[in-house]
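Take a look at the structure below.
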Amino acid sequence: MKETTVLLIVAWLIPFLVHLLPWSGERPLGAHLLPMFWVAFVAVYLHGLRIGLLVGLFAPVLHLMLTGLPALRLLSLLGFELIVFSALVWWIVRRALRFWCIAPICYVAAKTASSLLQYAMAPFGEGWAPVAFFMESLRNGLPGLGLLTAINLALVFFYPKSPEGKHDGSTG
């Protein structure tokens, strides 16, 4: 419980700090750096699916309540993407012990899933062009994908997993 609380605080604090950085772009800086995915990835990698899902689902809601971001209309979209992302990360981490690009691959898969859902059902609002949204999200998120890759590499290097899913204590 204590770890989950700390992760939720960190999951709120990181995007909050990102949004404090000077930025004059068309989209919020978080759309480029993807900070919600950083903590969700770390939570799943270190603590498993349940805590990763809790962090992934509650952090955007907490962040919205305290800062007004992400936009309310995007909250369900981000929540869906974080669920898919966390589940895929968990599934891969359990199987591919030292895979250095789990996080960016899972982000692209989550974005693909939300775009397909949008195409099939339009649950996130009428008038969204799913393919254009997907392409724009990937283009905007390139810096965040780089950061996710760096976080992923750091975790694989400093916190390698044994076949049982536990940390083996080695650093390389």
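Ligands are numbered from 1 in the order shown, residues from 1 within each chain, and chains are lettered A, B, ... in the order they appear in the structure tokens.
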
Counting only C-alpha atoms, what are the residues of segment 78-126 of chain A within 9 Å of segment 39-49 of chain A, and for each of them which pair of atoms is the nearest and at what distance in Å, to one decimal? Sort the table by chain and rising number, as JSON lines.
```
{"residue": "A:Leu82", "atom": "CA", "partner": "A:Ala40", "partner_atom": "CA", "distance": 7.4}
{"residue": "A:Phe85", "atom": "CA", "partner": "A:Phe41", "partner_atom": "CA", "distance": 8.1}
{"residue": "A:Ser86", "atom": "CA", "partner": "A:Val44", "partner_atom": "CA", "distance": 6.4}
{"residue": "A:Ala87", "atom": "CA", "partner": "A:Leu49", "partner_atom": "CA", "distance": 6.6}
{"residue": "A:Val89", "atom": "CA", "partner": "A:Val44", "partner_atom": "CA", "distance": 6.9}
{"residue": "A:Trp90", "atom": "CA", "partner": "A:Leu49", "partner_atom": "CA", "distance": 5.7}
{"residue": "A:Trp91", "atom": "CA", "partner": "A:Leu49", "partner_atom": "CA", "distance": 8.7}
{"residue": "A:Val93", "atom": "CA", "partner": "A:Tyr45", "partner_atom": "CA", "distance": 6.8}
{"residue": "A:Ala103", "atom": "CA", "partner": "A:Phe41", "partner_atom": "CA", "distance": 6.7}
```

message: Taking 4 positions as the minimum chain separation for residues in the same chain, which residues sit within 7 Å of Asn152 of chain A when counting only C-alpha atoms? Answer as a ChimeraX atom specification.
response: /A:100-103,148,156

field: Phe16 of chain A surroundings by only C-alpha atoms, 10 Å radius, close-in-sequence under 6 positions cut, as JSON, numbers by chain
entry: {"A": [10, 30, 35, 63, 66, 67, 69]}

Write to file, as a compact mmCIF listing (two decimals), in the first residue's frame, the residues of the selection just made, with N, CA and C atoms.
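Printed below is again_11.txt as written:
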```
# COMPACT_ATOMS: atom_id res chain seq x y z
N VAL A 10 4.19 10.23 -7.11
CA VAL A 10 5.19 10.45 -8.15
C VAL A 10 4.52 10.57 -9.51
N GLY A 30 3.21 17.65 -21.98
CA GLY A 30 2.98 16.25 -21.65
C GLY A 30 2.63 15.40 -22.85
N PRO A 35 4.70 11.78 -19.81
CA PRO A 35 5.09 11.46 -18.43
C PRO A 35 4.17 10.46 -17.74
N HIS A 63 -4.36 13.97 -11.55
CA HIS A 63 -3.74 15.10 -12.24
C HIS A 63 -4.80 16.06 -12.79
N LEU A 66 -6.32 18.15 -9.96
CA LEU A 66 -5.43 19.15 -9.36
C LEU A 66 -4.90 20.19 -10.34
N THR A 67 -4.85 19.86 -11.64
CA THR A 67 -4.24 20.79 -12.59
C THR A 67 -5.13 21.13 -13.78
N LEU A 69 -5.39 19.11 -16.33
CA LEU A 69 -4.83 18.38 -17.46
C LEU A 69 -4.79 16.90 -17.10
```

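One distance worth recording is that between atom CA of Ala31 of chain A and atom CA of Pro15 of chain A, which is 10.2 Å.
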
Nearest-residue call for Cys106 of chain A, choices A:Ile83, A:Leu34, A:Leu88, A:Ala120, using only C-alpha atoms: A:Leu88

message: What's the separation between atom CA of Arg98 of chain A and atom CA of Leu53 of chain A, in Å to one decimal place?
response: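 Computed distance, atom CA of Arg98 of chain A to atom CA of Leu53 of chain A, equals 21.8 Å.
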
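In this structure, atom CA of Ser115 of chain A sits 28.8 Å away from atom CA of Leu155 of chain A.
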
Need the shell around segment 6-8 of chain A: protein/DNA/RNA residues with any atom at most 10 Å away, counting only C-alpha atoms. Skip same-chain ones fewer than 5 positions apart. Format as a compact mmCIF listing (two decimals) with N, CA and C atoms, in the first residue's frame?
```txt
# COMPACT_ATOMS: atom_id res chain seq x y z
N MET A 1 0.83 -1.20 0.00
CA MET A 1 0.00 0.00 0.00
C MET A 1 0.86 1.25 0.00
N LEU A 13 3.16 13.97 -9.55
CA LEU A 13 4.19 14.99 -9.47
C LEU A 13 4.97 15.15 -10.77
N VAL A 39 5.77 6.61 -15.34
CA VAL A 39 5.52 6.03 -14.02
C VAL A 39 4.74 4.72 -14.15
N ALA A 40 3.81 4.66 -15.09
CA ALA A 40 3.08 3.40 -15.30
C ALA A 40 4.06 2.29 -15.67
N VAL A 42 7.35 2.10 -14.97
CA VAL A 42 8.17 1.76 -13.79
C VAL A 42 7.35 0.95 -12.80
N ALA A 43 6.11 1.33 -12.57
CA ALA A 43 5.25 0.62 -11.62
C ALA A 43 5.03 -0.82 -12.05
N ILE A 51 -0.47 -2.98 -9.40
CA ILE A 51 -0.02 -1.64 -8.99
C ILE A 51 0.15 -0.76 -10.22
N GLY A 52 0.65 -1.32 -11.32
CA GLY A 52 0.78 -0.54 -12.55
C GLY A 52 -0.55 -0.02 -13.05
N LEU A 54 -3.30 0.46 -11.16
CA LEU A 54 -3.75 1.48 -10.21
C LEU A 54 -3.11 2.82 -10.50
N VAL A 55 -1.81 2.81 -10.68
CA VAL A 55 -1.09 4.05 -10.97
C VAL A 55 -1.54 4.62 -12.31
N GLY A 56 -1.64 3.77 -13.33
CA GLY A 56 -2.02 4.22 -14.66
C GLY A 56 -3.43 4.78 -14.73
N LEU A 57 -4.34 4.24 -13.93
CA LEU A 57 -5.72 4.72 -13.98
C LEU A 57 -5.97 5.92 -13.08
N PHE A 58 -5.37 5.93 -11.90
CA PHE A 58 -5.66 7.00 -10.96
C PHE A 58 -4.81 8.25 -11.16
N ALA A 59 -3.61 8.10 -11.69
CA ALA A 59 -2.75 9.27 -11.87
C ALA A 59 -3.37 10.32 -12.81
N PRO A 60 -3.92 9.94 -13.97
CA PRO A 60 -4.54 10.96 -14.82
C PRO A 60 -5.74 11.64 -14.16
N LEU A 62 -6.25 12.04 -10.87
CA LEU A 62 -5.68 12.92 -9.84
C LEU A 62 -5.09 14.17 -10.47
N HIS A 63 -4.36 13.97 -11.55
CA HIS A 63 -3.74 15.10 -12.24
C HIS A 63 -4.80 16.06 -12.79
```

query: Nearest to Ala150 of chain A among A:Thr5, A:Leu20, A:Met36, A:Pro104, with distances taken over only C-alpha atoms: which residue is it?
result: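 Of all the options, A:Pro104 lies closest to Ala150 of chain A.
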
Among listed residues A:Leu78, A:Leu142, A:Val61, A:Leu117, nearest Pro130 of chain A (using only C-alpha atoms):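 Closest candidate: A:Leu117.
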